[in-house]
file target05.cif (mmCIF, C-alpha atoms)
data_upload
#
loop_
_atom_site.label_atom_id
_atom_site.label_comp_id
_atom_site.auth_asym_id
_atom_site.auth_seq_id
_atom_site.Cartn_x
_atom_site.Cartn_y
_atom_site.Cartn_z
CA MET A 1 0.00 0.00 0.00
CA ASN A 2 1.31 3.39 -0.95
CA LYS A 3 0.00 5.89 1.55
CA LEU A 4 1.13 8.95 -0.38
CA LEU A 5 -0.45 8.07 -3.71
CA GLN A 6 -3.66 7.23 -1.86
CA LYS A 7 -3.92 10.91 -0.94
CA LEU A 8 -4.71 11.69 -4.56
CA THR A 9 -8.42 12.37 -4.80
CA TYR A 10 -10.80 11.13 -7.50
CA GLY A 11 -14.46 10.60 -8.16
CA HIS A 12 -16.10 7.21 -8.45
CA TYR A 13 -17.42 6.58 -11.95
CA ILE A 14 -18.88 3.72 -13.91
CA LEU A 15 -17.37 3.42 -17.33
CA THR A 16 -19.22 1.55 -20.06
CA ALA A 17 -18.43 0.67 -23.65
CA LEU A 18 -20.47 -0.97 -26.38
CA LYS A 19 -19.68 -2.53 -29.70
CA GLU A 20 -22.92 -3.60 -31.29
CA GLY A 21 -23.18 -7.14 -32.71
CA GLU A 22 -24.65 -5.91 -35.98
CA ASP A 23 -21.39 -4.07 -36.67
CA LEU A 24 -19.42 -7.29 -36.31
CA LYS A 25 -19.04 -9.95 -38.99
CA THR A 26 -18.12 -12.81 -36.68
CA ARG A 27 -20.58 -12.35 -33.88
CA ASP A 28 -24.22 -11.49 -33.30
CA ASN A 29 -24.02 -10.50 -29.68
CA ASP A 30 -23.02 -7.07 -28.54
CA TYR A 31 -19.76 -6.56 -26.75
CA ILE A 32 -20.66 -4.71 -23.56
CA ALA A 33 -18.24 -3.87 -20.78
CA ALA A 34 -18.73 -1.91 -17.58
CA GLY A 35 -16.69 -1.22 -14.50
CA THR A 36 -15.94 1.21 -11.69
CA VAL A 37 -13.08 3.57 -12.45
CA ASN A 38 -11.41 6.31 -10.43
CA TRP A 39 -8.61 7.44 -12.71
CA ALA A 40 -10.58 9.80 -14.94
CA SER A 41 -10.05 13.49 -15.62
CA GLN A 42 -10.98 16.29 -17.94
CA VAL A 43 -7.86 17.24 -19.93
CA SER A 44 -9.03 20.07 -22.21
CA PHE A 45 -11.61 22.87 -22.19
CA GLU A 46 -11.72 23.51 -25.93
CA PRO A 47 -12.54 21.04 -27.29
CA GLU A 48 -13.92 19.35 -24.19
CA MET A 49 -11.87 16.21 -23.67
CA LEU A 50 -11.51 13.52 -21.03
CA ALA A 51 -8.89 10.90 -20.24
CA VAL A 52 -9.62 7.58 -18.52
CA ALA A 53 -7.13 4.94 -17.41
CA VAL A 54 -8.28 1.31 -17.52
CA GLY A 55 -6.42 -1.91 -16.80
CA GLN A 56 -4.59 -3.03 -19.92
CA MET A 57 -5.94 -6.57 -19.74
CA SER A 58 -9.52 -5.60 -18.84
CA ASP A 59 -12.70 -6.23 -20.83
CA LEU A 60 -13.28 -2.50 -20.70
CA ASN A 61 -10.04 -1.78 -22.50
CA GLU A 62 -10.79 -4.33 -25.20
CA THR A 63 -14.33 -3.06 -25.72
CA ILE A 64 -13.25 0.60 -25.87
CA ASP A 65 -10.72 -0.47 -28.50
CA TYR A 66 -13.45 -2.18 -30.54
CA SER A 67 -15.91 0.62 -30.13
CA GLY A 68 -13.81 3.78 -30.29
CA HIS A 69 -16.13 5.31 -27.67
CA PHE A 70 -16.59 5.26 -23.91
CA THR A 71 -19.31 6.53 -21.59
CA LEU A 72 -18.45 7.80 -18.12
CA HIS A 73 -21.30 7.79 -15.56
CA ILE A 74 -21.04 10.11 -12.59
CA LEU A 75 -22.06 8.75 -9.19
CA GLY A 76 -23.51 10.59 -6.21
CA LYS A 77 -23.17 10.16 -2.47
CA ASP A 78 -26.04 7.63 -2.45
CA HIS A 79 -24.33 5.35 -5.00
CA LYS A 80 -21.87 3.59 -2.68
CA GLU A 81 -23.51 0.24 -3.36
CA MET A 82 -23.18 0.76 -7.11
CA VAL A 83 -19.44 1.43 -6.77
CA GLU A 84 -19.05 -2.01 -5.17
CA LYS A 85 -21.37 -3.79 -7.62
CA PHE A 86 -19.26 -2.69 -10.58
CA GLY A 87 -15.93 -3.29 -8.84
CA SER A 88 -15.40 -6.80 -10.18
CA LYS A 89 -16.26 -8.67 -13.38
CA SER A 90 -19.62 -7.47 -14.71
CA LYS A 91 -22.63 -9.71 -15.29
CA VAL A 92 -24.43 -8.53 -18.41
CA GLU A 93 -28.00 -9.73 -18.98
CA ALA A 94 -30.64 -8.67 -21.51
CA ASN A 95 -31.53 -5.37 -19.89
CA THR A 96 -29.31 -5.14 -16.85
CA ILE A 97 -25.64 -5.04 -15.91
CA ASN A 98 -24.97 -6.28 -12.39
CA GLY A 99 -28.68 -5.83 -11.78
CA VAL A 100 -28.76 -2.19 -12.90
CA PRO A 101 -31.08 -1.47 -15.86
CA PHE A 102 -29.47 0.04 -18.94
CA THR A 103 -30.49 1.24 -22.35
CA LYS A 104 -28.56 1.26 -25.59
CA GLU A 105 -28.56 4.68 -27.22
CA LYS A 106 -26.62 5.59 -30.35
CA GLY A 107 -23.87 3.10 -29.69
CA GLU A 108 -23.69 3.87 -25.97
CA VAL A 109 -24.63 1.83 -22.93
CA VAL A 110 -26.43 4.20 -20.56
CA LEU A 111 -27.05 3.04 -16.99
CA GLU A 112 -30.17 4.16 -15.21
CA ASN A 113 -30.18 6.22 -12.07
CA THR A 114 -26.76 7.91 -12.05
CA LEU A 115 -26.13 11.67 -11.78
CA GLY A 116 -25.46 11.78 -15.49
CA TYR A 117 -23.07 10.58 -18.16
CA VAL A 118 -20.72 11.83 -20.80
CA THR A 119 -19.79 9.95 -23.95
CA CYS A 120 -16.45 10.48 -25.67
CA LYS A 121 -15.06 9.50 -29.04
CA VAL A 122 -11.54 8.17 -28.59
CA THR A 123 -8.93 10.36 -30.28
CA GLU A 124 -5.74 8.83 -28.91
CA THR A 125 -4.69 5.85 -26.83
CA VAL A 126 -1.49 5.51 -24.82
CA ASN A 127 -0.23 2.45 -22.92
CA VAL A 128 1.38 3.45 -19.64
CA GLY A 129 2.66 0.79 -17.26
CA ASP A 130 -0.16 -1.67 -16.49
CA HIS A 131 -2.96 0.61 -17.75
CA THR A 132 -4.13 2.12 -21.00
CA VAL A 133 -5.15 5.78 -21.12
CA HIS A 134 -7.87 6.64 -23.62
CA PHE A 135 -8.25 10.29 -24.58
CA GLY A 136 -11.67 11.18 -25.91
CA GLU A 137 -13.53 14.19 -27.20
CA VAL A 138 -16.95 14.75 -25.62
CA VAL A 139 -19.70 13.96 -28.12
CA ARG A 140 -22.74 13.74 -25.86
CA GLN A 141 -23.53 14.52 -22.26
CA ASN A 142 -26.57 14.41 -20.09
CA LEU A 143 -26.89 15.68 -16.54
CA GLN A 144 -29.73 13.72 -15.01
CA ARG A 145 -29.62 14.77 -11.37
CA ASP A 146 -27.88 17.82 -9.97
CA SER A 147 -26.61 16.49 -6.65
CA GLU A 148 -23.16 16.22 -5.14
CA PRO A 149 -20.82 13.55 -6.52
CA ILE A 150 -19.10 10.94 -4.38
CA CYS A 151 -15.35 11.19 -3.93
CA THR A 152 -12.78 8.50 -3.20
CA MET A 153 -12.20 9.68 0.38
CA GLU A 154 -15.78 8.72 1.27
CA LEU A 155 -15.19 5.00 0.79
CA THR A 156 -12.70 3.00 2.79
CA SER A 157 -11.53 0.74 -0.03
CA GLN A 158 -9.44 2.34 -2.74
CA TYR A 159 -8.49 1.14 -6.21
CA LYS A 160 -5.54 -1.20 -5.78
CA LYS A 161 -3.32 -3.44 -7.82
CA GLU A 162 -5.24 -6.61 -6.87
CA ASP A 163 -8.38 -5.15 -8.47
CA LEU A 164 -6.69 -5.43 -11.86
CA GLU A 165 -7.03 -9.20 -11.76
CA THR A 166 -10.79 -9.14 -11.33
CA ALA A 167 -11.59 -6.47 -13.94
CA MET B 1 -20.11 26.67 -17.59
CA ASN B 2 -20.53 22.98 -18.11
CA LYS B 3 -22.44 21.62 -15.14
CA LEU B 4 -21.91 17.99 -16.00
CA LEU B 5 -18.13 18.09 -16.36
CA GLN B 6 -17.96 20.01 -13.09
CA LYS B 7 -19.27 16.90 -11.35
CA LEU B 8 -15.96 15.22 -12.00
CA THR B 9 -14.04 15.18 -8.74
CA TYR B 10 -10.35 15.96 -8.26
CA GLY B 11 -7.88 16.90 -5.60
CA HIS B 12 -6.20 20.30 -5.35
CA TYR B 13 -2.47 20.05 -5.91
CA ILE B 14 0.43 22.41 -6.39
CA LEU B 15 2.65 21.37 -9.25
CA THR B 16 6.24 22.62 -9.41
CA ALA B 17 9.05 22.21 -11.90
CA LEU B 18 12.67 23.30 -11.83
CA LYS B 19 15.40 23.61 -14.42
CA GLU B 20 18.55 24.73 -12.67
CA GLY B 21 20.49 27.65 -14.15
CA GLU B 22 23.78 25.79 -13.95
CA ASP B 23 22.44 23.28 -16.48
CA LEU B 24 21.75 26.04 -18.97
CA LYS B 25 24.30 27.65 -21.27
CA THR B 26 22.42 30.87 -21.91
CA ARG B 27 21.16 31.70 -18.48
CA ASP B 28 22.30 31.71 -14.86
CA ASN B 29 18.96 31.86 -13.14
CA ASP B 30 16.87 28.79 -12.46
CA TYR B 31 13.65 28.27 -14.30
CA ILE B 32 11.06 27.69 -11.60
CA ALA B 33 7.34 27.30 -12.20
CA ALA B 34 4.51 26.52 -9.80
CA GLY B 35 0.75 26.46 -9.99
CA THR B 36 -2.44 24.89 -8.71
CA VAL B 37 -3.66 21.93 -10.74
CA ASN B 38 -6.69 19.68 -10.46
CA TRP B 39 -6.33 17.44 -13.47
CA ALA B 40 -3.90 14.90 -12.05
CA SER B 41 -4.24 11.16 -11.67
CA GLN B 42 -2.32 8.00 -11.03
CA VAL B 43 -2.34 5.93 -14.24
CA SER B 44 -0.34 2.81 -13.38
CA PHE B 45 0.41 0.66 -10.31
CA GLU B 46 3.52 -1.08 -11.64
CA PRO B 47 5.54 0.97 -12.29
CA GLU B 48 3.88 3.75 -10.29
CA MET B 49 3.02 6.48 -12.76
CA LEU B 50 1.07 9.74 -12.74
CA ALA B 51 -0.42 11.95 -15.43
CA VAL B 52 -0.92 15.71 -15.09
CA ALA B 53 -2.62 18.07 -17.53
CA VAL B 54 -1.31 21.65 -17.70
CA GLY B 55 -2.26 24.55 -19.95
CA GLN B 56 -0.32 24.29 -23.19
CA MET B 57 0.85 27.93 -23.03
CA SER B 58 1.67 27.93 -19.30
CA ASP B 59 5.05 28.49 -17.67
CA LEU B 60 4.56 25.14 -15.98
CA ASN B 61 4.35 23.34 -19.28
CA GLU B 62 7.47 25.05 -20.58
CA THR B 63 9.44 24.33 -17.41
CA ILE B 64 8.38 20.66 -17.28
CA ASP B 65 9.54 20.42 -20.89
CA TYR B 66 12.94 21.89 -19.98
CA SER B 67 13.31 19.85 -16.84
CA GLY B 68 11.84 16.46 -17.73
CA HIS B 69 10.48 16.24 -14.19
CA PHE B 70 7.52 17.51 -12.19
CA THR B 71 6.68 17.51 -8.48
CA LEU B 72 3.08 17.23 -7.33
CA HIS B 73 2.30 18.52 -3.82
CA ILE B 74 -0.77 17.20 -2.06
CA LEU B 75 -2.89 19.69 -0.13
CA GLY B 76 -5.06 19.15 2.93
CA LYS B 77 -8.31 20.64 4.12
CA ASP B 78 -6.46 23.52 5.81
CA HIS B 79 -4.72 24.57 2.56
CA LYS B 80 -7.59 26.48 0.93
CA GLU B 81 -5.59 29.69 1.02
CA MET B 82 -2.66 28.02 -0.71
CA VAL B 83 -4.93 26.82 -3.55
CA GLU B 84 -5.85 30.46 -4.24
CA LYS B 85 -2.30 31.78 -3.86
CA PHE B 86 -1.04 29.49 -6.59
CA GLY B 87 -4.05 29.98 -8.85
CA SER B 88 -2.54 32.75 -10.97
CA LYS B 89 0.95 33.68 -12.15
CA SER B 90 3.52 32.76 -9.51
CA LYS B 91 5.91 35.20 -7.89
CA VAL B 92 9.24 33.48 -7.33
CA GLU B 93 11.70 35.06 -4.89
CA ALA B 94 14.97 33.78 -3.43
CA ASN B 95 13.44 31.33 -0.98
CA THR B 96 9.71 31.65 -1.48
CA ILE B 97 7.08 31.18 -4.16
CA ASN B 98 3.98 33.30 -3.59
CA GLY B 99 5.22 33.73 -0.03
CA VAL B 100 5.53 29.99 0.65
CA PRO B 101 9.07 28.84 1.56
CA PHE B 102 10.62 26.21 -0.68
CA THR B 103 13.82 24.23 -0.91
CA LYS B 104 15.62 22.88 -3.94
CA GLU B 105 16.38 19.20 -3.61
CA LYS B 106 17.90 17.05 -6.34
CA GLY B 107 16.44 19.08 -9.14
CA GLU B 108 13.04 19.46 -7.47
CA VAL B 109 11.29 22.46 -5.97
CA VAL B 110 9.74 21.27 -2.71
CA LEU B 111 7.23 23.55 -0.99
CA GLU B 112 7.06 23.59 2.78
CA ASN B 113 4.01 22.64 4.78
CA THR B 114 2.00 20.45 2.37
CA LEU B 115 0.78 16.89 3.11
CA GLY B 116 3.58 15.56 0.95
CA TYR B 117 4.88 15.44 -2.57
CA VAL B 118 5.73 13.05 -5.34
CA THR B 119 8.30 13.68 -8.06
CA CYS B 120 8.01 12.06 -11.47
CA LYS B 121 10.35 11.71 -14.41
CA VAL B 122 8.47 12.45 -17.60
CA THR B 123 8.23 9.42 -19.88
CA GLU B 124 5.76 10.69 -22.48
CA THR B 125 4.01 13.92 -23.37
CA VAL B 126 0.78 14.27 -25.34
CA ASN B 127 -0.89 17.48 -26.51
CA VAL B 128 -4.68 17.26 -26.16
CA GLY B 129 -6.85 20.23 -27.03
CA ASP B 130 -5.66 23.27 -25.05
CA HIS B 131 -3.62 21.26 -22.53
CA THR B 132 -0.54 19.07 -22.47
CA VAL B 133 -0.61 15.81 -20.55
CA HIS B 134 2.71 14.73 -19.06
CA PHE B 135 3.05 11.09 -18.03
CA GLY B 136 5.71 10.47 -15.42
CA GLU B 137 7.19 7.60 -13.49
CA VAL B 138 7.43 8.16 -9.73
CA VAL B 139 11.07 8.63 -8.71
CA ARG B 140 10.69 10.07 -5.21
CA GLN B 141 7.89 10.59 -2.76
CA ASN B 142 7.57 11.90 0.73
CA LEU B 143 4.46 11.84 2.91
CA GLN B 144 4.93 14.66 5.40
CA ARG B 145 1.60 14.77 7.19
CA ASP B 146 -1.01 12.02 7.22
CA SER B 147 -4.22 14.06 7.17
CA GLU B 148 -7.16 14.15 4.82
CA PRO B 149 -6.66 15.80 1.41
CA ILE B 150 -8.85 18.59 0.07
CA CYS B 151 -11.15 17.81 -2.84
CA THR B 152 -12.54 20.10 -5.53
CA MET B 153 -16.07 19.95 -4.12
CA GLU B 154 -14.90 21.77 -0.98
CA LEU B 155 -14.10 25.00 -2.83
CA THR B 156 -16.69 27.03 -4.70
CA SER B 157 -14.45 28.09 -7.57
CA GLN B 158 -13.47 25.39 -10.05
CA TYR B 159 -10.76 25.31 -12.70
CA LYS B 160 -12.18 27.08 -15.74
CA LYS B 161 -11.14 28.15 -19.20
CA GLU B 162 -10.43 31.75 -18.11
CA ASP B 163 -7.77 30.47 -15.70
CA LEU B 164 -5.69 29.40 -18.68
CA GLU B 165 -4.93 33.01 -19.49
CA THR B 166 -3.45 33.78 -16.08
CA ALA B 167 -1.28 30.66 -15.74
#

call {"tool": "encode", "arguments": {"input": "target05.cif", "output": "C-alpha cells"}}
result
Amino acid sequence: MNKLLQKLTYGHYILTALKEGEDLKTRDNDYIAAGTVNWASQVSFEPEMLAVAVGQMSDLNETIDYSGHFTLHILGKDHKEMVEKFGSKSKVEANTINGVPFTKEKGEVVLENTLGYVTCKVTETVNVGDHTVHFGEVVRQNLQRDSEPICTMELTSQYKKEDLETA
Amino acid sequence: MNKLLQKLTYGHYILTALKEGEDLKTRDNDYIAAGTVNWASQVSFEPEMLAVAVGQMSDLNETIDYSGHFTLHILGKDHKEMVEKFGSKSKVEANTINGVPFTKEKGEVVLENTLGYVTCKVTETVNVGDHTVHFGEVVRQNLQRDSEPICTMELTSQYKKEDLETA
C-alpha cells in the first residue's frame, strides 16, 4: 500500500463501452463492458476532452478499443452500493448489468439512475505501465440529477493493484 | 459553464518544476514554475506512474519540458488559502514562491508545509486540445503529514477556461 499516492483524490465513476453485434461480422451479440473507475479526468476545455485509465488486460479496455467510444457515468453520495457492484467482473444480462437497468442509445450503454453521463469519441490511446489511457472528445452529455458527486475519500476501499485481476 | 463536467471530482495540488540555471548555457537563473492543478491522476500501479494536464501555453508546461520532471504537492483541508495563492501567475523570490518557503532538492522544488509530494520523471508527453498531458514515473515521494486531502467539491471556484490566461 502506498499511503502517499492514496492521498490523490478522485471521483467514483462507472465506465461503459459498447460494440454492437450488428457491426461485427463474426458475432451477433453485442460486446458490452462496464466497471468502476477512479482514474478519470478532464484534460481540455476547448474542445472538451476527457482521459480515462483502464487496466490493460480488462474487458473495458478491449471493448473501448473495438468501439472507439466510452461513456463515463457520474455517481452521487447515495451510490456507494453501485461502486461495489461494478468493482469486479460485470454480469451482463438482456436489460441489466450487475442488476442495474441500462439502455442502448446511439452506440452507448447508458445506466439508469446515475447523476449523469458523458460519452467520448476516442482520439488517442497511450499504454502506460499496467494501464491504457484513452483520450476522448466529448460527443454527448446528459446531466440527469444535480446532486453532489461521491469522492474517493468517502469509501474506505481504494483502487488497488489486486483489483486489476478481477476487472 | 458545463455543469456535468464540473461533477468530475479531483484533488487540489500544487505542481512545481525546476530547471537549474547551472544546467543552462544561456542563463544563470533557475527556471522555476509553480501552480495549482486539479487534473492529475495516477495511471499505473507497476511501475507507479502519474499523469498531469497543464495549460499548453503555461510556464509550468514550458518548465516541465525543460526539466523532464515535475513535483506534485498534495494539499489538505487547511490549505484552501494556498490553492488560491497558486491559482494565478507565480511570484518566485529567493526562498519563497507566492510567499511559501521552498527548498531545492535534487532538481526538485519542494514547498514547505503540504501533506507531501511526489516527483516524477516524464516518460511521455501528449498534446490534447488546449492542454498538455505529461506522463511520469514516480522517482521520489515523501508523505509529510497524514491528514485528509482537500477535494474540488470543498471550494466554490473550479478550474475554468479563463484560468488558462493567467497561468

call {"tool": "residues_around", "arguments": {"input": "target05.cif", "residues": "stretch 35-50 of chain B", "least_positions_apart": "5", "cutoff": "7 Å", "atoms": "only C-alpha atoms", "output": "ChimeraX atom specification"}}
result
/A:39,41-43,53,128-131,161 /B:10-16,83,86-87,90,135-138

call {"tool": "resolve_selection", "arguments": {"input": "target05.cif", "expression": "the PyMOL selection byres ((chain B and resi 61) around 12)", "output": "ChimeraX atom specification"}}
result
/B:15-18,31-35,37,52-60,62-70,122,125-127,130-134,164,167

call {"tool": "write_last_selection", "arguments": {"input": "target05.cif", "atoms": "C-alpha atoms", "output": "PDB file, in the coordinates of the input"}}
result
ATOM      1  CA  LEU B  15       2.650  21.370  -9.250  1.00  0.00           C
ATOM      2  CA  THR B  16       6.240  22.620  -9.410  1.00  0.00           C
ATOM      3  CA  ALA B  17       9.050  22.210 -11.900  1.00  0.00           C
ATOM      4  CA  LEU B  18      12.670  23.300 -11.830  1.00  0.00           C
ATOM      5  CA  TYR B  31      13.650  28.270 -14.300  1.00  0.00           C
ATOM      6  CA  ILE B  32      11.060  27.690 -11.600  1.00  0.00           C
ATOM      7  CA  ALA B  33       7.340  27.300 -12.200  1.00  0.00           C
ATOM      8  CA  ALA B  34       4.510  26.520  -9.800  1.00  0.00           C
ATOM      9  CA  GLY B  35       0.750  26.460  -9.990  1.00  0.00           C
ATOM     10  CA  VAL B  37      -3.660  21.930 -10.740  1.00  0.00           C
ATOM     11  CA  VAL B  52      -0.920  15.710 -15.090  1.00  0.00           C
ATOM     12  CA  ALA B  53      -2.620  18.070 -17.530  1.00  0.00           C
ATOM     13  CA  VAL B  54      -1.310  21.650 -17.700  1.00  0.00           C
ATOM     14  CA  GLY B  55      -2.260  24.550 -19.950  1.00  0.00           C
ATOM     15  CA  GLN B  56      -0.320  24.290 -23.190  1.00  0.00           C
ATOM     16  CA  MET B  57       0.850  27.930 -23.030  1.00  0.00           C
ATOM     17  CA  SER B  58       1.670  27.930 -19.300  1.00  0.00           C
ATOM     18  CA  ASP B  59       5.050  28.490 -17.670  1.00  0.00           C
ATOM     19  CA  LEU B  60       4.560  25.140 -15.980  1.00  0.00           C
ATOM     20  CA  GLU B  62       7.470  25.050 -20.580  1.00  0.00           C
ATOM     21  CA  THR B  63       9.440  24.330 -17.410  1.00  0.00           C
ATOM     22  CA  ILE B  64       8.380  20.660 -17.280  1.00  0.00           C
ATOM     23  CA  ASP B  65       9.540  20.420 -20.890  1.00  0.00           C
ATOM     24  CA  TYR B  66      12.940  21.890 -19.980  1.00  0.00           C
ATOM     25  CA  SER B  67      13.310  19.850 -16.840  1.00  0.00           C
ATOM     26  CA  GLY B  68      11.840  16.460 -17.730  1.00  0.00           C
ATOM     27  CA  HIS B  69      10.480  16.240 -14.190  1.00  0.00           C
ATOM     28  CA  PHE B  70       7.520  17.510 -12.190  1.00  0.00           C
ATOM     29  CA  VAL B 122       8.470  12.450 -17.600  1.00  0.00           C
ATOM     30  CA  THR B 125       4.010  13.920 -23.370  1.00  0.00           C
ATOM     31  CA  VAL B 126       0.780  14.270 -25.340  1.00  0.00           C
ATOM     32  CA  ASN B 127      -0.890  17.480 -26.510  1.00  0.00           C
ATOM     33  CA  ASP B 130      -5.660  23.270 -25.050  1.00  0.00           C
ATOM     34  CA  HIS B 131      -3.620  21.260 -22.530  1.00  0.00           C
ATOM     35  CA  THR B 132      -0.540  19.070 -22.470  1.00  0.00           C
ATOM     36  CA  VAL B 133      -0.610  15.810 -20.550  1.00  0.00           C
ATOM     37  CA  HIS B 134       2.710  14.730 -19.060  1.00  0.00           C
ATOM     38  CA  LEU B 164      -5.690  29.400 -18.680  1.00  0.00           C
ATOM     39  CA  ALA B 167      -1.280  30.660 -15.740  1.00  0.00           C
TER      40      ALA B 167
END

call {"tool": "atom_distance", "arguments": {"input": "target05.cif", "atom1": "atom CA of A:Asp78", "atom2": "atom CA of A:Gln158"}}
result
17.4 Å

call {"tool": "closest_residue", "arguments": {"input": "target05.cif", "among": "A:Thr9, A:Asn2, A:Asn113, A:Ser157", "to": "A:Glu84", "atoms": "only C-alpha atoms"}}
result
A:Ser157

call {"tool": "atom_distance", "arguments": {"input": "target05.cif", "atom1": "atom CA of B:Gln6", "atom2": "atom CA of A:Glu112"}}
result
20.1 Å

call {"tool": "atom_distance", "arguments": {"input": "target05.cif", "atom1": "atom CA of A:Gly99", "atom2": "atom CA of A:Glu154"}}
result
23.4 Å

call {"tool": "residues_near_point", "arguments": {"input": "target05.cif", "point": "(5.4, 14.8, 6.5)", "cutoff": "8 Å", "atoms": "all atoms listed in the file", "output": "PDB file with C-alpha atoms, keeping the file's coordinate frame"}}
result
ATOM      1  CA  THR B 114       2.000  20.450   2.370  1.00  0.00           C
ATOM      2  CA  LEU B 115       0.780  16.890   3.110  1.00  0.00           C
ATOM      3  CA  GLY B 116       3.580  15.560   0.950  1.00  0.00           C
ATOM      4  CA  ASN B 142       7.570  11.900   0.730  1.00  0.00           C
ATOM      5  CA  LEU B 143       4.460  11.840   2.910  1.00  0.00           C
ATOM      6  CA  GLN B 144       4.930  14.660   5.400  1.00  0.00           C
ATOM      7  CA  ARG B 145       1.600  14.770   7.190  1.00  0.00           C
ATOM      8  CA  ASP B 146      -1.010  12.020   7.220  1.00  0.00           C
TER       9      ASP B 146
END

call {"tool": "axis_aligned_box", "arguments": {"input": "target05.cif", "around": "stretch 108-122 of chain A", "padding_each_side": "3 Å", "output": "AutoDock Vina command-line options"}}
result
--center_x -20.9 --center_y 6.8 --center_z -20.4 --size_x 24.6 --size_y 16.0 --size_z 23.3

call {"tool": "resolve_selection", "arguments": {"input": "target05.cif", "expression": "the PyMOL selection byres ((chain B and resi 150) around 7)", "output": "PDB file with C-alpha atoms, in the frame of the given file"}}
result
ATOM      1  CA  GLY B  11      -7.880  16.900  -5.600  1.00  0.00           C
ATOM      2  CA  HIS B  12      -6.200  20.300  -5.350  1.00  0.00           C
ATOM      3  CA  LEU B  75      -2.890  19.690  -0.130  1.00  0.00           C
ATOM      4  CA  GLY B  76      -5.060  19.150   2.930  1.00  0.00           C
ATOM      5  CA  LYS B  77      -8.310  20.640   4.120  1.00  0.00           C
ATOM      6  CA  GLU B 148      -7.160  14.150   4.820  1.00  0.00           C
ATOM      7  CA  PRO B 149      -6.660  15.800   1.410  1.00  0.00           C
ATOM      8  CA  CYS B 151     -11.150  17.810  -2.840  1.00  0.00           C
ATOM      9  CA  THR B 152     -12.540  20.100  -5.530  1.00  0.00           C
ATOM     10  CA  GLU B 154     -14.900  21.770  -0.980  1.00  0.00           C
TER      11      GLU B 154
END

call {"tool": "closest_residue", "arguments": {"input": "target05.cif", "among": "B:Ile74, B:Ser88, B:His79, B:Glu22", "to": "chain A", "atoms": "only C-alpha atoms"}}
result
B:Ile74

call {"tool": "closest_residue", "arguments": {"input": "target05.cif", "among": "B:Asn29, B:Val100, B:Lys121, B:His73", "to": "chain A", "atoms": "all atoms listed in the file"}}
result
B:His73

call {"tool": "build_atoms", "arguments": {"input": "target05.cif", "residues": "stretch 9-21 of chain B", "atoms": "N, CA and C atoms", "output": "PDB file, in the frame of the given file"}}
result
ATOM      1  N   THR B   9     -14.654  14.822 -10.012  1.00  0.00           N
ATOM      2  CA  THR B   9     -14.040  15.180  -8.740  1.00  0.00           C
ATOM      3  C   THR B   9     -12.517  15.008  -8.811  1.00  0.00           C
ATOM      4  N   TYR B  10     -11.814  15.993  -8.241  1.00  0.00           N
ATOM      5  CA  TYR B  10     -10.350  15.960  -8.260  1.00  0.00           C
ATOM      6  C   TYR B  10      -9.827  16.385  -6.891  1.00  0.00           C
ATOM      7  N   GLY B  11      -8.534  16.246  -6.715  1.00  0.00           N
ATOM      8  CA  GLY B  11      -7.880  16.900  -5.600  1.00  0.00           C
ATOM      9  C   GLY B  11      -7.409  18.280  -6.018  1.00  0.00           C
ATOM     10  N   HIS B  12      -6.919  19.047  -5.052  1.00  0.00           N
ATOM     11  CA  HIS B  12      -6.200  20.300  -5.350  1.00  0.00           C
ATOM     12  C   HIS B  12      -4.725  20.037  -5.070  1.00  0.00           C
ATOM     13  N   TYR B  13      -3.903  20.315  -6.051  1.00  0.00           N
ATOM     14  CA  TYR B  13      -2.470  20.050  -5.910  1.00  0.00           C
ATOM     15  C   TYR B  13      -1.695  21.297  -6.314  1.00  0.00           C
ATOM     16  N   ILE B  14      -0.465  21.404  -5.814  1.00  0.00           N
ATOM     17  CA  ILE B  14       0.430  22.410  -6.390  1.00  0.00           C
ATOM     18  C   ILE B  14       1.546  21.665  -7.116  1.00  0.00           C
ATOM     19  N   LEU B  15       1.666  22.012  -8.387  1.00  0.00           N
ATOM     20  CA  LEU B  15       2.650  21.370  -9.250  1.00  0.00           C
ATOM     21  C   LEU B  15       3.835  22.314  -9.378  1.00  0.00           C
ATOM     22  N   THR B  16       5.041  21.792  -9.210  1.00  0.00           N
ATOM     23  CA  THR B  16       6.240  22.620  -9.410  1.00  0.00           C
ATOM     24  C   THR B  16       7.172  21.935 -10.391  1.00  0.00           C
ATOM     25  N   ALA B  17       8.010  22.749 -11.024  1.00  0.00           N
ATOM     26  CA  ALA B  17       9.050  22.210 -11.900  1.00  0.00           C
ATOM     27  C   ALA B  17      10.246  23.137 -11.824  1.00  0.00           C
ATOM     28  N   LEU B  18      11.415  22.554 -11.992  1.00  0.00           N
ATOM     29  CA  LEU B  18      12.670  23.300 -11.830  1.00  0.00           C
ATOM     30  C   LEU B  18      13.663  22.887 -12.901  1.00  0.00           C
ATOM     31  N   LYS B  19      14.227  23.878 -13.577  1.00  0.00           N
ATOM     32  CA  LYS B  19      15.400  23.610 -14.420  1.00  0.00           C
ATOM     33  C   LYS B  19      16.490  24.516 -13.898  1.00  0.00           C
ATOM     34  N   GLU B  20      17.534  23.917 -13.336  1.00  0.00           N
ATOM     35  CA  GLU B  20      18.550  24.730 -12.670  1.00  0.00           C
ATOM     36  C   GLU B  20      19.410  25.504 -13.659  1.00  0.00           C
ATOM     37  N   GLY B  21      19.717  26.752 -13.285  1.00  0.00           N
ATOM     38  CA  GLY B  21      20.490  27.650 -14.150  1.00  0.00           C
ATOM     39  C   GLY B  21      21.838  27.072 -14.548  1.00  0.00           C
TER      40      GLY B  21
END
